[in-house]
Every structure is written in structure tokens, then in C-alpha cells.
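Participant: I have a structure here, written as C-alpha cells, and I will follow up with some questions on it.
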Amino acid sequence: MKNLLATRANPDVTSALSGLFPVDDSPLAISLAAGSPNLDYFPVAAVRQAFLTAIDQQGAGLFQYQTAQGNLDLRQALTARIQKWGQVATTADNVVLTVGGQQGIELVAKALLNPGDEVAVEVPTYIGALAAFDLYQPTYHAVPLEPDGLDLNALEETLKRHPKIKLLYTVPDYHNPTGITMSVTKRQQLVDLANRYDFVILEDTPYRDLGYEAAPLPAIKSFDTQGRVVFLSSFSKILMPGLRTGWLVADGDLLAAIMKVRLASDLETTNITHAAIAAYMQANDLDAHIQTLKTHYRAQRDAMVTSLEQDFPDEVSFTKPAGGFFDWVTLPKGMNAATLLTDTMIPRAHVTYVPATNFYPNRDVTNAMRLSFSGLEPQVITTGMRRLADQLKLAIHRQAPVL
Ligand code: PMP
């Protein structure tokens, strides 16, 4: 049967997303791998009520085919939100509701990429974006991150050498996997580069509302004057991932192309869910809910960073995320976080994480790991981190030459 499959779907080549779920069956297991939100914070009763309200108010029509871009009430609410929090002046006509942010990434890839087309990604980068781009068989260019976001000098050098780069993918706010946030200056400079070198920016920002120190920064899209930035966000981290609702903002030809490919893949959006989210936003203060989330996630972040500072060996370096769900930990050169996971951490520490290799399109970096603090209580995080630290000290000691 395999000879009948498209190259892009060859099951012998595993999806980049498969690296996300290392398994540890022990009852002691603590997962710092999955970036799932904490389900204790899901507003189930309010969302249940919102579904009922939407059905009561709109009746059978709610279940009919409706609009291609998605529920207008929700698109209007999102237009107001991105204006307020991201300083993007746009209209509901420019908003497309998607099946999670993930579908938005895939749609942009589908709309832009022919096989072999050149794509720049910051490294490390979001695994799911690689999984989506991989289907379109691009040529990747990896651009390093700095503490204030993408290294724009390195990007410009890459653009000079590869002027055909079409698409740059970035997660500018509380980046997955490093927690890094791009400065406002760089956001503006990045758009200038895109104008000069003629490429599209995909600004993927599901964590932008989850800043633990500061309000969200202006979106990259707010500096866009030529309709070359696609802004993408999601309800997964601020409400619930099971709603499978993301949304993008695009203009002109890009918007038309995205709509064309979206129609082919799902015809319409899940109107019932979107009407329910709109009803939820009308009856509840989403920003107040986000404030509550931030209080919890900040405490979880603090537990992780405190342990990194106090328990981890000096040879290890790490980021201090100001928001989002993740911390990026770099091990001494020569160490391999993937073999460390299977040989030591799962059997001895019963702690899982996602090894670095998964986040690099060329799979060429081994000595780092993504730790997620989103799904666990602070005490559990501290316990897992101590176990990780103890085994790391032993592993680094084993690796060091005996003099
Ligand atoms: N982009 C990034 C950077 C993410 O971390 C995620 C989820 N892990 C997504 C997109 C997709 O999330 P969803 O489809 O649930 O909105």
C-alpha cells in the first residue's frame, strides 16, 4: 500500500509531533513534557451554560451551514480583542476562525509552499509547525534566537544568501519551547526586513495573553503596512484546547488564498462551538479568567525557575520565561538529552521532558530539553525538578574526565 501514498504522508518518516509524548508508566511518573493547560482551571460550568445559551437563542439555524470565515459575533469580539491587546487595527472580515492554531499553521503552509520552497524558522521552534510545514516539503533555514527574540542579523545574512525565502515562522510571545519574547523594536525591524526581502511572516502567538510580568506587547501584525503578516492565535491556552478554536488575521491576496485552501479542507467552521465561545465572552469577563490563570501559572513557573536556580548543577543554563508554559534548559556540550531521557531519567527519576532534537528542523542539536510547567501543581513540579537535578548531577559527573 505504501507505494500508493504521497511522499508527504509516508508513515515510515515519523511526524515531528511524535516526539511530544515520551511514555513513563511508573506510578511515580511526573511529566514535564506535555504542554497541556491545567484542566483544573477550565471554566466548564460557564462554557456549558454558553453552549445552552447559544442553542436557546439561535435554535436550528445554529446547526445549519452558515459562513465560510466563521461566526460573525466571535470574529467581531476577536477584532476588538486584538485591537485592544495587540494594537492591530483590523475588521471582522479579515478574521478567519480555524480548528485550533494548528490548522492555521497548516493553512498558511498550504497557501504558500510548493515543494522545495524556502522557509525560515527560529530555532528551536514549535514542533507542530515543523510537522505542518514538513508536509509541503520545504527547504528550511534555521535562525537562532537571542534573549530578546529572533537574531535579526543572522536572519538578514540568511536572506542575503537565500533571497527566495518566502515565509518566516515565529512565536514572538513566550515562545514554545524557550519562553523567550521578542522585543518591540525587533518586531518593527522584522516587518522592515520582510518588506525589503519580500517574504511573509507567520506570527503564531497562542501564549500572548499569558504574561506573568507585563501586559501583551504590540503584535508584529500591528507594524504590517503591506498585508504580509498573518497573525495567529488560539483559545486553547486561555480557555480549553478541546474547543479546537483558533483564529487568524490576514489581508488581501493572502487572506483569499487561505480561504481557498480552508474551504477545501473543512468547508465551514464548527459554528456551534464558535457561537458558544461568543456567548461565553458576552456573559463572562474573559480577561478576568485570564488573570486567574496567570496567578496559577505564575506560581508554577516560579516553582520551576526556583528549582533551576537552587537545585540544578552550575554546568546547566536555562531561560527565565516571563509568560507561557515552557522553560528551555541547555546541558553541557556533548550531552544528549534524548538518550539521557530513555537511559536515565525515565528509569531512575521517573521524569519526562521533550529532548531538543525535536525542535530543530535539521535535528542537529542534542544537548537541551524543553520543560513544561503548565500541567502540574507547584509542589509536584518541585519534586520532579529535584529528581531531574539529582540525576543530571550524576550524569554530568560521569561525563566529566577524571583527572
Ligand atoms: N502554536 C504553538 C506555538 C503551540 O504551542 C501550539 C500548541 N501547543 C499551537 C500552535 C497549536 O495549538 P492549538 O491547535 O491547540 O490552538
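Convention: chains lettered A, B, ... in C-alpha cells order; per-chain residue numbering from 1; ligands numbered from 1 as shown.
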Leaving out range 27-36 of chain A and any residue of its chain fewer than 3 positions from it, which residues lie within 7 Å of it when counting only C-alpha atoms, given as an NGL selection string?

Facilitator: :A and (20-21 or 24 or 325 or 350-354 or 371-375 or 384)

Participant: Report as CSV the residues of range 313-384 of chain A within 8 Å of range 388-395 of chain A, each with its shortest atom pair and distance in Å (one decimal), using only C-alpha atoms, ordered by chain and increasing residue number.

Facilitator:
```
residue,atom,partner,partner_atom,distance
A:Pro313,CA,A:Lys393,CA,6.0
A:Thr344,CA,A:Gln391,CA,7.4
A:Met345,CA,A:Leu388,CA,6.9
A:Arg348,CA,A:Gln391,CA,7.7
A:Ala349,CA,A:Leu388,CA,6.1
A:Val351,CA,A:Leu388,CA,6.7
A:Gly384,CA,A:Leu388,CA,6.2
```

Participant: Residues near Tyr360 in chain A, anyone? I mean within 7 Å using only C-alpha atoms, not counting same-chain ones fewer than 3 positions away, as a PDB file with N, CA and C atoms, in the first residue's frame.

Facilitator:
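Resulting contents of result-v7.pdb:
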```pdb
ATOM      1  N   VAL A 123      15.177  28.858  15.682  1.00  0.00           N
ATOM      2  CA  VAL A 123      15.478  27.577  16.336  1.00  0.00           C
ATOM      3  C   VAL A 123      15.946  27.826  17.752  1.00  0.00           C
ATOM      4  N   PRO A 124      15.452  26.944  18.664  1.00  0.00           N
ATOM      5  CA  PRO A 124      14.479  25.894  18.422  1.00  0.00           C
ATOM      6  C   PRO A 124      13.117  26.469  18.065  1.00  0.00           C
ATOM      7  N   THR A 125      12.248  25.614  17.498  1.00  0.00           N
ATOM      8  CA  THR A 125      10.926  26.106  17.116  1.00  0.00           C
ATOM      9  C   THR A 125       9.835  25.108  17.515  1.00  0.00           C
ATOM     10  N   THR A 357      16.290  17.776  20.113  1.00  0.00           N
ATOM     11  CA  THR A 357      16.340  17.418  18.686  1.00  0.00           C
ATOM     12  C   THR A 357      15.016  17.658  17.967  1.00  0.00           C
ATOM     13  N   ARG A 363      17.359  18.534  13.037  1.00  0.00           N
ATOM     14  CA  ARG A 363      17.575  17.593  14.154  1.00  0.00           C
ATOM     15  C   ARG A 363      19.044  17.528  14.562  1.00  0.00           C
ATOM     16  N   ASP A 364      19.694  18.690  14.600  1.00  0.00           N
ATOM     17  CA  ASP A 364      21.140  18.702  14.788  1.00  0.00           C
ATOM     18  C   ASP A 364      21.590  19.234  16.146  1.00  0.00           C
ATOM     19  N   VAL A 365      20.675  19.441  17.073  1.00  0.00           N
ATOM     20  CA  VAL A 365      21.079  19.874  18.414  1.00  0.00           C
ATOM     21  C   VAL A 365      20.552  18.847  19.408  1.00  0.00           C
TER      22      VAL A 365
END
```

Participant: What residues of the protein or nucleic acid chains come within 6 Å of ligand 1 when you use only C-alpha atoms and all ligand atoms? Reply as a VMD selection string.

Facilitator: chain A and resid 100 to 102 126 171 176 204 206 234 236 241 246

Participant: Do you know which residues are at most 7 Å from Pro321 in chain A counting only C-alpha atoms, after dropping those on the same chain fewer than 5 positions away, and could you put them as a list in words?

Facilitator: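 Neighbouring residues, sequence-local ones excluded: Tyr174, Gly179, Ile180 and Asp327 of chain A.
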
Participant: Which distance in Å separates CA of Thr295 in chain A and CA of Met385 in chain A, to one decimal?

Facilitator: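 Spanning CA of Thr295 in chain A to CA of Met385 in chain A is a straight-line distance of 20.7 Å.
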
Participant: Among range 42-149 of chain A, which residues carry a DSSP assignment of strand (DSSP E or B), reported as a VMD selection string?

Facilitator: chain A and resid 95 to 98 118 to 123 139 to 146 149

Participant: Taking only C-alpha atoms into account, which of A:Leu376, A:Leu97, A:Ala120, A:Leu217 comes nearest Thr139 in chain A?

Facilitator: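 Once distances to Thr139 in chain A are computed over only C-alpha atoms, the minimum belongs to A:Ala120.
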
Participant: Would you kindly return, as an NGL selection string, each protein, DNA or RNA residue with an atom no farther than 10 Å from any atom of Asn114 in chain A, considering only C-alpha atoms and excluding same-chain residues fewer than 4 positions away?

Facilitator: :A and (109-110 or 118 or 136-138)

Participant: How would the residues just chosen look if you wrote them out with N, CA, C and O atoms as a short mmCIF file (atom, residue, chain, number, x, y, z; two decimals), in the first residue's frame?

Facilitator:
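Wrote selection-v5.cif, looks like this:
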```cif
data_model
loop_
_atom_site.label_atom_id
_atom_site.label_comp_id
_atom_site.auth_asym_id
_atom_site.auth_seq_id
_atom_site.Cartn_x
_atom_site.Cartn_y
_atom_site.Cartn_z
N ALA A 109 0.88 27.22 5.45
CA ALA A 109 1.84 26.41 4.70
C ALA A 109 1.25 25.99 3.35
O ALA A 109 1.88 26.11 2.30
N LYS A 110 0.02 25.53 3.40
CA LYS A 110 -0.64 25.04 2.18
C LYS A 110 -0.83 26.18 1.17
O LYS A 110 -0.72 26.00 -0.04
N GLU A 118 11.53 27.86 0.17
CA GLU A 118 12.41 28.12 1.31
C GLU A 118 11.66 28.80 2.46
O GLU A 118 10.95 29.79 2.26
N TYR A 136 4.70 19.94 3.23
CA TYR A 136 4.86 20.67 1.97
C TYR A 136 6.31 20.65 1.48
O TYR A 136 6.66 21.38 0.57
N GLN A 137 7.12 19.83 2.13
CA GLN A 137 8.49 19.53 1.69
C GLN A 137 9.32 20.78 1.41
O GLN A 137 9.86 20.94 0.32
N PRO A 138 9.41 21.69 2.40
CA PRO A 138 10.19 22.90 2.17
C PRO A 138 11.68 22.68 2.39
O PRO A 138 12.10 21.63 2.89
#
```

Participant: I want to know what sits within 9 Å of Pro163 in chain A, based on only C-alpha atoms, with residues of the same chain fewer than 5 positions away left out; could you give that as number ranges by chain?

Facilitator: A: 158, 197-198

Participant: Could you give me the residues within range 77-296 of chain A that DSSP places in helix (DSSP H, G or I), as a ChimeraX atom specification?

Facilitator: /A:77-86,92-94,100-112,127-134,152-161,184-197,220-223,241-243,252-266,271-283,286-296

Participant: Write the residues you've just listed into a file as a compact mmCIF listing (two decimals), in the first residue's frame, and include C-alpha atoms for each of them.

Facilitator:
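Written output follows (part-v9.txt):
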```
# COMPACT_ATOMS: atom_id res chain seq x y z
CA ALA A 77 -15.25 40.01 19.59
CA LEU A 78 -11.78 38.90 18.45
CA THR A 79 -11.34 42.01 16.31
CA ALA A 80 -11.94 44.13 19.43
CA ARG A 81 -9.51 42.00 21.46
CA ILE A 82 -6.63 42.21 19.02
CA GLN A 83 -7.19 45.96 18.69
CA LYS A 84 -7.10 46.36 22.48
CA TRP A 85 -4.29 43.97 23.38
CA GLY A 86 -2.22 43.82 20.20
CA ALA A 92 -14.06 41.05 11.28
CA ASP A 93 -13.77 40.46 7.51
CA ASN A 94 -10.07 39.84 7.99
CA GLY A 100 -7.08 25.39 16.68
CA GLY A 101 -3.97 27.39 15.92
CA GLN A 102 -2.56 24.20 14.44
CA GLN A 103 -4.89 24.33 11.45
CA GLY A 104 -3.93 27.97 10.93
CA ILE A 105 -0.26 26.99 10.58
CA GLU A 106 -1.12 24.23 8.14
CA LEU A 107 -3.34 26.53 6.07
CA VAL A 108 -0.61 29.12 5.74
CA ALA A 109 1.84 26.41 4.70
CA LYS A 110 -0.64 25.04 2.18
CA ALA A 111 -1.36 28.50 0.80
CA LEU A 112 2.32 29.41 0.33
CA ILE A 127 7.29 21.01 16.85
CA GLY A 128 3.76 21.27 15.45
CA ALA A 129 4.83 23.94 12.99
CA LEU A 130 7.57 21.65 11.68
CA ALA A 131 5.01 18.83 11.40
CA ALA A 132 2.73 21.08 9.32
CA PHE A 133 5.49 22.57 7.14
CA ASP A 134 7.10 19.16 6.57
CA LEU A 152 17.81 39.66 13.09
CA ASN A 153 21.43 40.00 11.95
CA ALA A 154 21.59 36.26 11.40
CA LEU A 155 18.23 36.42 9.62
CA GLU A 156 19.43 39.16 7.30
CA GLU A 157 22.61 37.24 6.49
CA THR A 158 20.43 34.23 5.66
CA LEU A 159 18.14 36.37 3.50
CA LYS A 160 21.11 37.77 1.57
CA ARG A 161 22.30 34.24 0.82
CA VAL A 184 9.01 45.63 20.32
CA THR A 185 11.97 47.08 18.42
CA LYS A 186 12.67 43.72 16.83
CA ARG A 187 9.01 43.30 15.86
CA GLN A 188 9.20 46.52 13.91
CA GLN A 189 12.59 45.68 12.39
CA LEU A 190 11.35 42.24 11.37
CA VAL A 191 8.49 43.77 9.37
CA ASP A 192 11.01 46.15 7.73
CA LEU A 193 13.08 43.12 6.71
CA ALA A 194 10.00 41.36 5.35
CA ASN A 195 9.17 44.43 3.25
CA ARG A 196 12.72 44.68 1.92
CA TYR A 197 13.28 40.98 1.22
CA ILE A 220 4.11 42.06 14.86
CA LYS A 221 0.97 42.44 12.76
CA SER A 222 0.50 45.95 14.19
CA PHE A 223 3.57 47.09 12.19
CA PRO A 241 -7.96 23.12 23.84
CA GLY A 242 -10.96 20.79 23.34
CA LEU A 243 -12.89 23.70 21.83
CA GLY A 252 -5.71 40.80 0.61
CA ASP A 253 -4.28 38.01 -1.52
CA LEU A 254 -3.03 36.08 1.49
CA LEU A 255 -6.48 36.09 3.05
CA ALA A 256 -8.05 34.97 -0.24
CA ALA A 257 -5.52 32.13 -0.63
CA ILE A 258 -6.01 30.98 2.98
CA MET A 259 -9.77 30.95 2.49
CA LYS A 260 -9.42 28.98 -0.72
CA VAL A 261 -7.43 26.18 0.93
CA ARG A 262 -9.59 26.25 4.06
CA LEU A 263 -12.78 25.70 2.12
CA ALA A 264 -11.24 22.64 0.52
CA SER A 265 -10.29 21.12 3.84
CA ASP A 266 -13.36 21.75 6.01
CA ASN A 271 -20.47 27.14 14.24
CA ILE A 272 -22.00 25.71 17.39
CA THR A 273 -18.69 25.90 19.26
CA HIS A 274 -17.94 29.37 17.97
CA ALA A 275 -21.39 30.68 18.89
CA ALA A 276 -20.86 29.20 22.36
CA ILE A 277 -17.49 30.93 22.73
CA ALA A 278 -19.09 34.21 21.64
CA ALA A 279 -21.86 33.67 24.23
CA TYR A 280 -19.21 32.86 26.84
CA MET A 281 -17.38 36.10 26.07
CA GLN A 282 -20.61 38.06 26.34
CA ALA A 283 -21.67 36.60 29.67
CA LEU A 286 -12.51 36.57 29.63
CA ASP A 287 -9.77 38.90 30.85
CA ALA A 288 -10.73 38.20 34.48
CA HIS A 289 -10.50 34.46 33.74
CA ILE A 290 -7.08 35.03 32.19
CA GLN A 291 -5.99 36.92 35.33
CA THR A 292 -6.89 33.85 37.41
CA LEU A 293 -4.97 31.60 35.04
CA LYS A 294 -1.95 33.87 35.29
CA THR A 295 -1.95 33.68 39.09
CA HIS A 296 -1.81 29.88 38.94
```

Participant: In Å, rounded to a single decimal, give me how far CA of Gly149 in chain A is from CA of Lys164 in chain A.

Facilitator: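 Separating CA of Lys164 in chain A from CA of Gly149 in chain A is a distance of 22.8 Å.
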
Participant: Counting only C-alpha atoms, figure out which residue out of A:Thr53, A:Leu74, A:Ser18, A:Gly334 gets nearest to Val96 in chain A.

Facilitator: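 Going through A:Thr53, A:Leu74, A:Ser18, A:Gly334 one by one, the smallest distance to Val96 in chain A is for A:Leu74.
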
Participant: Between CA of Thr225 in chain A and CA of Arg208 in chain A, what is the spacing in Å?

Facilitator: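 Going from CA of Arg208 in chain A over to CA of Thr225 in chain A covers 21.6 Å.
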